[in-house]
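Before any comments, here is the structure.
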Amino acid sequence: MQMAMQCPYSCETATDTLQWIKAIVDFLKPFTFIINAHVVNFFTDKLWEAVDKDWIDCLRNEPIENLLHIPSGVVQVLPGWKVTSLSSVLAQGMNLKKKHEVEVLSAVVNSVANSVSTDTIVDVGAGQGYLAQVLSFQFQHSVVAIDACSHHGKVMNARAERIKKHYAAQMRKFGYLWDFPFDFLYIRNLQYLEITNIMSEHLSHVVQL
């Protein structure tokens, strides 16, 4: 895994955290029209008119049958990506529907992240951190998880500790030393930003994420 470039943002102080949150919000602004839309709105509200031209040009080259099969996964938009079943320790707390969603979405995000050699993935509206933790523990990505609910942060941190203990036990079982790259890499790279009341106003237009 390549060494990540130094991030210009930090969470050392409330001011630094606010600056980071604002940068994320500014990045998301141009895409809120599609982020907050239901899938059928893409057709009923003609959202394709605002989609990046390169995306539309790519879709125009596909037969109608293929476009209709994209939501079901029969036709893949990202060739080569593979859905991997979650282990029982990573799937703890998930019902079957949530497990399926996280398996598919994490595979898609992992594929995109690898294709652009990203240093960090930001999960806005992370909830209890299911997706963020799979991306961090299973796919070894640096992840920043953001949610407006402090309770979600506590639940996510508790899950992360249980997952960490599981992997630590597996390492001891197979005789790996603690300097093995697999040990704390995930925990070090998984950050949780609790958005307090003073910060939440900056996210008022993306709270549906």
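Following the order of the structure tokens, chains are lettered A, B, ..., residues in each are numbered from 1, and ligands are numbered from 1.
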* To do: Just list the residues in segment 4-203 of chain A DSSP gives strand (DSSP E) on the backbone, as a ChimeraX atom specification.
  => /A:121-124,143-147,190-194
Cut-off 12 Å: closest segment 46-78 of chain A/segment 24-32 of chain A atom pairs per residue, using only C-alpha atoms, as a Markdown table:
```
| residue | atom | partner | partner_atom | distance |
| --- | --- | --- | --- | --- |
| A:Leu47 | CA | A:Phe31 | CA | 11.1 |
| A:Ala50 | CA | A:Phe31 | CA | 9.4 |
| A:Val51 | CA | A:Phe31 | CA | 8.9 |
| A:Asp52 | CA | A:Phe31 | CA | 10.2 |
```
File of the preceding selection, N, CA, C and O atoms, as a PDB file, in the first residue's frame:
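File out-v3.pdb, as written:
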```pdb
ATOM      1  N   LEU A  47     -32.972  14.224 -14.898  1.00  0.00           N
ATOM      2  CA  LEU A  47     -31.719  14.577 -14.237  1.00  0.00           C
ATOM      3  C   LEU A  47     -30.507  14.317 -15.118  1.00  0.00           C
ATOM      4  O   LEU A  47     -29.423  14.856 -14.867  1.00  0.00           O
ATOM      5  N   ALA A  50     -28.274  17.147 -16.389  1.00  0.00           N
ATOM      6  CA  ALA A  50     -27.255  17.799 -15.559  1.00  0.00           C
ATOM      7  C   ALA A  50     -26.064  16.901 -15.268  1.00  0.00           C
ATOM      8  O   ALA A  50     -25.119  17.315 -14.598  1.00  0.00           O
ATOM      9  N   VAL A  51     -26.100  15.683 -15.782  1.00  0.00           N
ATOM     10  CA  VAL A  51     -25.014  14.736 -15.539  1.00  0.00           C
ATOM     11  C   VAL A  51     -23.823  15.052 -16.433  1.00  0.00           C
ATOM     12  O   VAL A  51     -23.975  15.580 -17.539  1.00  0.00           O
ATOM     13  N   ASP A  52     -22.631  14.739 -15.948  1.00  0.00           N
ATOM     14  CA  ASP A  52     -21.398  14.985 -16.682  1.00  0.00           C
ATOM     15  C   ASP A  52     -21.515  14.442 -18.116  1.00  0.00           C
ATOM     16  O   ASP A  52     -21.960  13.324 -18.342  1.00  0.00           O
TER      17      ASP A  52
END
```
* Taking the DSSP assignment computed from this structure's backbone, write out as an MDAnalysis selection string all residues of segment 64-186 of chain A that belong to alpha helix (DSSP H). => chainID A and resid 64:69 96:115 130:133 150:173 185:186
Generate the output file for the selected residues, C-alpha atoms, as an mmCIF file, in the first residue's frame.
```cif
data_model
loop_
_atom_site.group_PDB
_atom_site.id
_atom_site.type_symbol
_atom_site.label_atom_id
_atom_site.label_comp_id
_atom_site.auth_asym_id
_atom_site.auth_seq_id
_atom_site.Cartn_x
_atom_site.Cartn_y
_atom_site.Cartn_z
ATOM 1 C CA ILE A 64 -31.533 0.051 -24.066
ATOM 2 C CA GLU A 65 -31.573 -3.510 -22.740
ATOM 3 C CA ASN A 66 -28.236 -2.944 -21.024
ATOM 4 C CA LEU A 67 -29.370 0.328 -19.446
ATOM 5 C CA LEU A 68 -32.458 -1.372 -18.017
ATOM 6 C CA HIS A 69 -30.298 -4.066 -16.433
ATOM 7 C CA LEU A 96 -29.514 -9.529 5.119
ATOM 8 C CA LYS A 97 -30.628 -6.437 3.193
ATOM 9 C CA LYS A 98 -27.974 -4.208 4.784
ATOM 10 C CA LYS A 99 -25.303 -6.881 4.290
ATOM 11 C CA HIS A 100 -26.129 -7.120 0.583
ATOM 12 C CA GLU A 101 -26.086 -3.323 0.202
ATOM 13 C CA VAL A 102 -22.722 -2.986 1.944
ATOM 14 C CA GLU A 103 -21.163 -5.848 -0.041
ATOM 15 C CA VAL A 104 -22.182 -4.304 -3.375
ATOM 16 C CA LEU A 105 -21.473 -0.662 -2.517
ATOM 17 C CA SER A 106 -18.093 -1.400 -0.931
ATOM 18 C CA ALA A 107 -17.069 -3.314 -4.061
ATOM 19 C CA VAL A 108 -18.073 -0.362 -6.258
ATOM 20 C CA VAL A 109 -16.335 2.227 -4.059
ATOM 21 C CA ASN A 110 -13.217 0.067 -3.840
ATOM 22 C CA SER A 111 -13.095 -0.263 -7.627
ATOM 23 C CA VAL A 112 -13.444 3.490 -8.171
ATOM 24 C CA ALA A 113 -10.947 4.330 -5.414
ATOM 25 C CA ASN A 114 -8.344 1.991 -6.891
ATOM 26 C CA SER A 115 -8.887 3.328 -10.410
ATOM 27 C CA TYR A 130 -20.839 -0.448 8.304
ATOM 28 C CA LEU A 131 -19.597 0.695 4.889
ATOM 29 C CA ALA A 132 -16.664 2.689 6.276
ATOM 30 C CA GLN A 133 -15.406 -0.262 8.309
ATOM 31 C CA SER A 150 -22.707 11.089 18.295
ATOM 32 C CA HIS A 151 -24.405 7.807 19.252
ATOM 33 C CA HIS A 152 -23.531 6.398 15.845
ATOM 34 C CA GLY A 153 -19.899 7.294 16.471
ATOM 35 C CA LYS A 154 -19.882 5.413 19.775
ATOM 36 C CA VAL A 155 -21.462 2.343 18.167
ATOM 37 C CA MET A 156 -18.995 2.442 15.291
ATOM 38 C CA ASN A 157 -15.999 2.748 17.598
ATOM 39 C CA ALA A 158 -17.243 -0.201 19.687
ATOM 40 C CA ARG A 159 -17.633 -2.329 16.534
ATOM 41 C CA ALA A 160 -14.158 -1.308 15.369
ATOM 42 C CA GLU A 161 -12.653 -2.471 18.663
ATOM 43 C CA ARG A 162 -14.363 -5.861 18.389
ATOM 44 C CA ILE A 163 -13.192 -6.247 14.792
ATOM 45 C CA LYS A 164 -9.658 -5.223 15.744
ATOM 46 C CA LYS A 165 -9.573 -7.817 18.527
ATOM 47 C CA HIS A 166 -10.754 -10.494 16.099
ATOM 48 C CA TYR A 167 -7.970 -9.755 13.616
ATOM 49 C CA ALA A 168 -5.407 -9.514 16.419
ATOM 50 C CA ALA A 169 -6.468 -12.970 17.657
ATOM 51 C CA GLN A 170 -6.189 -14.359 14.121
ATOM 52 C CA MET A 171 -2.685 -12.929 13.809
ATOM 53 C CA ARG A 172 -1.596 -14.533 17.082
ATOM 54 C CA LYS A 173 -3.181 -17.833 16.014
ATOM 55 C CA LEU A 185 -3.249 -0.244 9.715
ATOM 56 C CA TYR A 186 -7.022 -0.240 9.474
#
```
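The coordinates place atom CA of Ala126 of chain A at 5.5 Å from atom CA of Ala145 of chain A.
Here atom CA of Val124 of chain A is placed at a distance of 11.2 Å from atom CA of Ile35 of chain A.
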